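Read the structure below first, then the notes.
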Amino acid sequence: MSGLLQFSQVWVEYGDKVVLEKVDLSVQQGAFVSVVGPSGAGKSTFLRLVLGQEAPTRGAITLDGKPLRAEPGPDRGVVFQRYSVFPHLNALDNVVFGLDCAGSPFSGRLSGARRAAACDVAAAMLARVGLAHALDVYPAQLSGGMQQRLAIAQALIMKPRILLLDEPFGALDPGVRLDMHGLITDLWLEHGLTILMVTHDIKEAFKLGTRVLAFDKRRHDPQAPNRYGSTVVYDFPLDEKTRAAIPAALTAMAEPQSEAI
Amino acid sequence: MRRLLNIRPPWGVRLLLGALPLAAVVLVYLGAASVQHSLNPNEKFLPTFSAMVDQARIMALQVDPQTGAIPLWQDTAASLIRLGAGLAIATVTALVLGLVIGVLPLMRATIGPLVAAVAVVPPIAILPILFITFGLGETAKIALIVLGVTPFMVRDLAGHVLAIPEEQIVKAQTLGGSTWQIALRVALPQAMPRLLESLRLSLGPAWVFLISSEAIASDVGLGYRVFLVRRYLAMDIILPYVAWIALLAVIFDLVLISLNRRLYPWAHTARTR
């Protein structure tokens with residue numbers, strides 16, 4: 001059975017440096033996949049591959065059975081840790097942006113009744129993420145958590161096949177982070193999203209994910225540290241029971257809490 | 001004792017502190033002028049204020065029988081038309097080239113080196129070429145301003161567009177934006193406040209190029225007048241003219257600052273993080 005997103009024998013090399021080697025992966029529709037691993041283990045490269053910011057050196061990636069275009073597109077939504085909203089647009093216009101692009105190839109901005117309809121859709125989305133009161137506020141005036149809520153609303157308006165989260169909550173206060181966990185879980189269930197989340201926070205990975213992928217190097221040559229690349233070394237499918245048990249176990253195991261595997 | 005760098009003067013004190021050096025300069029000048037005039041009643045290098053006011057009145061209020069126009073206003077109009085035309089052409093060029101170079105790697109590779117090459121040529125050095133090519137009329141003077149400030153503005157704007165976080169450009173693409181839509185709705189609006197700022201910073205050099213070209217070959221203009229009366233050591237005309245040019249420059253500066261704040265409020269709100 002083939003998944004929504006399929007990696008087969010994917011390698012990424014920069015000259016002599018092997019970053020990812022032999023990645024085989026199948027992500028099912030509706031999964032919430034957390035990606036963890038130490039710094040430099042290719043998590044970001046993995047995300048850049050899915051986004052289309054770069055192409056694999058060898059191997060194939062397919063989305064919905066079709067080869068993935070090596071260019072970002074509206075079938076893949078993204079929320080970065082920072083800078084993923086437009087500073088010159090207010091919250092409403094930030095969310096309408098995607099509808100503007102789809103509906104108005106030349107001016108890049110809808111007008112009249114179509115614009116009003118798009119604004120209604122966007123306002124409803126903003127209300128859903130808790131920004132109903134901030135439609136005409138510019139991102140710089142929003143707190144970090146609010147900006148991430150905005151970025152999520154902005155991405156969801158396009159109904160992406162897969163939503164990529166790149167350490168989305170890494171810069172937030174613990175309390176705010178907790179609220180965001182609730183929000184993203186609710187949205188995932190409501191919209192039947194498929195989510196791929198890169199995180200440094202292993203508790204977060206187990207708490208939110210239905211599956212946790214750990215990237216690391218299987219082999220290491222001290223004489224040639226770039227010779228071998230990272231791949232998926234652990235792949236935990238989680239059911240409700242393990243999801244509930246693991247964070248508690250981790251907390252008991254690792255005090256003070258470690259940031260990465 | 002608080003550190004010196006932590007002492008911030010309140011508004012009124014700041015105004016007073018700022019006025020002090022200006023007042024000191026004026027006082028020193030007045031003292032020197034009165035000493036010189038007591039020694040030599042025909043002193044020309046340090047004219048008294050009353051002499052300058054008299055000359056300014058003549059230049060600003062009396063019709064010159066030879067030209068049938070009032071010199072100060074005629075000069076001001078001529079100079080501002082040249083300055084305005086030059087800066088308008090430079091600004092539009094900078095906007096188009098800056099966006100294209102900043103957004104498209106292909107164009108960056110194609111015209112980036114050309115802009116860099118033009119930028120290192122000292123504009124005054126090609127003034128003779130401009131006079132030979134365009135004649136001694138308005139075109140050469142406007143062209144000097146354009147050539148003088150455009151490369152800086154293009155590179156400044158392109159650099160600013162390039163500095164838009166990669167995340168934003170990727171996000172725009174995941175929202176379905178085409179190259180054109182991203183240039184129009186992501187790069188252009190974010191370039192505008194910087195363009196106004198770079199125009200403001202280019203005003204100084206633009207005045208230099210304007211006055212240089214007017215000094216060399218012109219029959220009207222602020223720079224022309226200053227260099228004309230230099231032949232008669234007419235400091236009592238030169239100084240009011242310089243003060244007038246300075247006043248115009250300050251006004252343009254303030255207008256551009258307030259325009260920028262009013263048109264692009266989002267670019268001037270303090271970042272929360």
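Residue names in the structure tokens use chain letters A, B, ... in the order shown, residue numbers from 1 in each chain, and ligand numbers from 1 in the order shown.
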Distance filter 7 Å, only C-alpha atoms, chain A against chain B, as a PyMOL selection string: chain A and resi 72-74+76-78+80+83-88+98+101-102+108+138+140-141+143+155+158
Residues just named, written with N, CA and C atoms as a CSV table (one decimal), in the first residue's frame:
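That gives us selection_21.csv:
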chain,number,residue,atom,x,y,z
A,72,PRO,N,8.4,24.8,-4.5
A,72,PRO,CA,7.3,24.9,-3.6
A,72,PRO,C,6.0,25.2,-4.4
A,73,GLY,N,4.9,24.6,-3.9
A,73,GLY,CA,3.6,24.8,-4.6
A,73,GLY,C,2.4,24.7,-3.6
A,74,PRO,N,1.2,25.0,-4.1
A,74,PRO,CA,0.1,25.1,-3.1
A,74,PRO,C,-0.4,23.8,-2.6
A,76,ARG,N,1.5,21.9,-0.9
A,76,ARG,CA,2.3,21.7,0.4
A,76,ARG,C,2.3,23.0,1.1
A,77,GLY,N,1.6,23.1,2.2
A,77,GLY,CA,1.6,24.3,3.0
A,77,GLY,C,2.8,24.2,4.0
A,78,VAL,N,3.2,25.4,4.5
A,78,VAL,CA,4.3,25.4,5.4
A,78,VAL,C,4.2,26.5,6.5
A,80,PHE,N,7.0,28.1,9.1
A,80,PHE,CA,8.3,28.1,9.6
A,80,PHE,C,8.4,28.6,11.1
A,83,TYR,N,9.3,34.3,10.3
A,83,TYR,CA,9.3,35.0,9.0
A,83,TYR,C,8.3,34.3,8.0
A,84,SER,N,7.3,33.6,8.5
A,84,SER,CA,6.4,33.0,7.5
A,84,SER,C,5.2,33.8,7.3
A,85,VAL,N,5.0,35.0,7.9
A,85,VAL,CA,3.9,35.9,7.5
A,85,VAL,C,4.5,37.1,6.8
A,86,PHE,N,3.7,37.8,6.1
A,86,PHE,CA,4.1,39.0,5.4
A,86,PHE,C,4.0,40.3,6.2
A,87,PRO,N,5.1,40.9,6.5
A,87,PRO,CA,5.0,42.1,7.5
A,87,PRO,C,4.2,43.2,7.0
A,88,HIS,N,4.1,43.3,5.6
A,88,HIS,CA,3.4,44.5,5.1
A,88,HIS,C,1.9,44.3,4.9
A,98,GLY,N,-3.4,33.8,-0.4
A,98,GLY,CA,-3.5,32.6,-1.2
A,98,GLY,C,-4.7,32.6,-2.1
A,101,CYS,N,-4.0,35.1,-5.0
A,101,CYS,CA,-3.1,34.5,-6.0
A,101,CYS,C,-3.9,33.5,-6.9
A,102,ALA,N,-4.7,32.7,-6.3
A,102,ALA,CA,-5.5,31.7,-7.1
A,102,ALA,C,-6.5,32.4,-8.0
A,108,GLY,N,-2.9,40.0,-8.9
A,108,GLY,CA,-2.5,39.3,-7.6
A,108,GLY,C,-3.4,39.8,-6.5
A,138,TYR,N,-1.1,44.5,12.0
A,138,TYR,CA,0.1,44.0,11.2
A,138,TYR,C,0.9,43.0,12.1
A,140,ALA,N,3.9,42.7,13.0
A,140,ALA,CA,4.8,43.2,14.0
A,140,ALA,C,4.1,43.6,15.3
A,141,GLN,N,2.8,43.8,15.3
A,141,GLN,CA,2.1,44.2,16.5
A,141,GLN,C,1.6,42.9,17.2
A,143,SER,N,2.0,39.1,19.1
A,143,SER,CA,3.0,38.4,19.8
A,143,SER,C,3.5,37.2,19.0
A,155,ALA,N,-1.7,29.2,5.9
A,155,ALA,CA,-1.3,28.0,5.2
A,155,ALA,C,-2.6,27.2,5.0
A,158,MET,N,-5.3,27.4,1.9
A,158,MET,CA,-5.1,26.7,0.6
A,158,MET,C,-5.5,25.2,0.6
Counting only C-alpha atoms, give me one row per residue of range 28-106 of chain B with an atom at most 12 Å from an atom of range 154-162 of chain B, showing the shortest contact pair and its distance in Å to one decimal, sorted by chain then residue number, as JSON lines.
{"residue": "B:Ile89", "atom": "CA", "partner": "B:Val154", "partner_atom": "CA", "distance": 12.0}
{"residue": "B:Ala90", "atom": "CA", "partner": "B:Val154", "partner_atom": "CA", "distance": 8.7}
{"residue": "B:Thr91", "atom": "CA", "partner": "B:Val154", "partner_atom": "CA", "distance": 8.6}
{"residue": "B:Val92", "atom": "CA", "partner": "B:Val154", "partner_atom": "CA", "distance": 9.8}
{"residue": "B:Thr93", "atom": "CA", "partner": "B:Val154", "partner_atom": "CA", "distance": 7.6}
{"residue": "B:Ala94", "atom": "CA", "partner": "B:Val154", "partner_atom": "CA", "distance": 4.3}
{"residue": "B:Leu95", "atom": "CA", "partner": "B:Val154", "partner_atom": "CA", "distance": 7.1}
{"residue": "B:Val96", "atom": "CA", "partner": "B:Val154", "partner_atom": "CA", "distance": 8.5}
{"residue": "B:Leu97", "atom": "CA", "partner": "B:Val154", "partner_atom": "CA", "distance": 6.2}
{"residue": "B:Gly98", "atom": "CA", "partner": "B:Ala158", "partner_atom": "CA", "distance": 4.2}
{"residue": "B:Leu99", "atom": "CA", "partner": "B:Ala158", "partner_atom": "CA", "distance": 6.1}
{"residue": "B:Val100", "atom": "CA", "partner": "B:Ala158", "partner_atom": "CA", "distance": 7.8}
{"residue": "B:Ile101", "atom": "CA", "partner": "B:Ala158", "partner_atom": "CA", "distance": 5.8}
{"residue": "B:Gly102", "atom": "CA", "partner": "B:Ala158", "partner_atom": "CA", "distance": 4.4}
{"residue": "B:Val103", "atom": "CA", "partner": "B:Val161", "partner_atom": "CA", "distance": 6.9}
{"residue": "B:Leu104", "atom": "CA", "partner": "B:Leu162", "partner_atom": "CA", "distance": 9.5}
{"residue": "B:Pro105", "atom": "CA", "partner": "B:Leu162", "partner_atom": "CA", "distance": 9.8}
Export of prior selection with N, CA and C atoms as a tab-separated table (two decimals), in the first residue's frame:
chain	number	residue	atom	x	y	z
B	89	ILE	N	13.50	60.12	-12.67
B	89	ILE	CA	14.01	59.07	-13.55
B	89	ILE	C	14.80	58.04	-12.75
B	90	ALA	N	15.65	58.53	-11.83
B	90	ALA	CA	16.48	57.62	-11.03
B	90	ALA	C	15.62	56.71	-10.17
B	91	THR	N	14.56	57.28	-9.57
B	91	THR	CA	13.72	56.49	-8.67
B	91	THR	C	12.97	55.40	-9.42
B	92	VAL	N	12.39	55.76	-10.56
B	92	VAL	CA	11.64	54.77	-11.33
B	92	VAL	C	12.59	53.66	-11.82
B	93	THR	N	13.76	54.09	-12.33
B	93	THR	CA	14.74	53.10	-12.80
B	93	THR	C	15.16	52.18	-11.66
B	94	ALA	N	15.43	52.78	-10.49
B	94	ALA	CA	15.89	51.98	-9.35
B	94	ALA	C	14.82	50.99	-8.93
B	95	LEU	N	13.55	51.42	-8.98
B	95	LEU	CA	12.47	50.53	-8.56
B	95	LEU	C	12.40	49.32	-9.49
B	96	VAL	N	12.41	49.59	-10.80
B	96	VAL	CA	12.28	48.49	-11.76
B	96	VAL	C	13.52	47.57	-11.69
B	97	LEU	N	14.72	48.17	-11.82
B	97	LEU	CA	15.93	47.34	-11.84
B	97	LEU	C	16.16	46.66	-10.49
B	98	GLY	N	15.92	47.40	-9.40
B	98	GLY	CA	16.14	46.83	-8.07
B	98	GLY	C	15.26	45.62	-7.84
B	99	LEU	N	13.98	45.72	-8.26
B	99	LEU	CA	13.06	44.59	-8.09
B	99	LEU	C	13.48	43.41	-8.94
B	100	VAL	N	13.78	43.71	-10.20
B	100	VAL	CA	14.14	42.65	-11.14
B	100	VAL	C	15.41	41.92	-10.67
B	101	ILE	N	16.41	42.71	-10.24
B	101	ILE	CA	17.66	42.10	-9.79
B	101	ILE	C	17.44	41.35	-8.48
B	102	GLY	N	16.61	41.92	-7.61
B	102	GLY	CA	16.40	41.28	-6.32
B	102	GLY	C	15.57	40.01	-6.40
B	103	VAL	N	14.63	39.97	-7.33
B	103	VAL	CA	13.71	38.84	-7.38
B	103	VAL	C	14.23	37.72	-8.28
B	104	LEU	N	14.83	38.08	-9.42
B	104	LEU	CA	15.17	37.06	-10.41
B	104	LEU	C	16.68	36.80	-10.47
B	105	PRO	N	17.12	35.62	-10.06
B	105	PRO	CA	18.55	35.30	-10.13
B	105	PRO	C	19.10	35.44	-11.56
Please identify the helix (DSSP H, G or I) residues within range 11-217 of chain A (assignment by DSSP from backbone atoms) and present them as a PyMOL selection string. chain A and resi 43-51+91-103+112-128+132-134+139-141+144-156+174-191+202-208
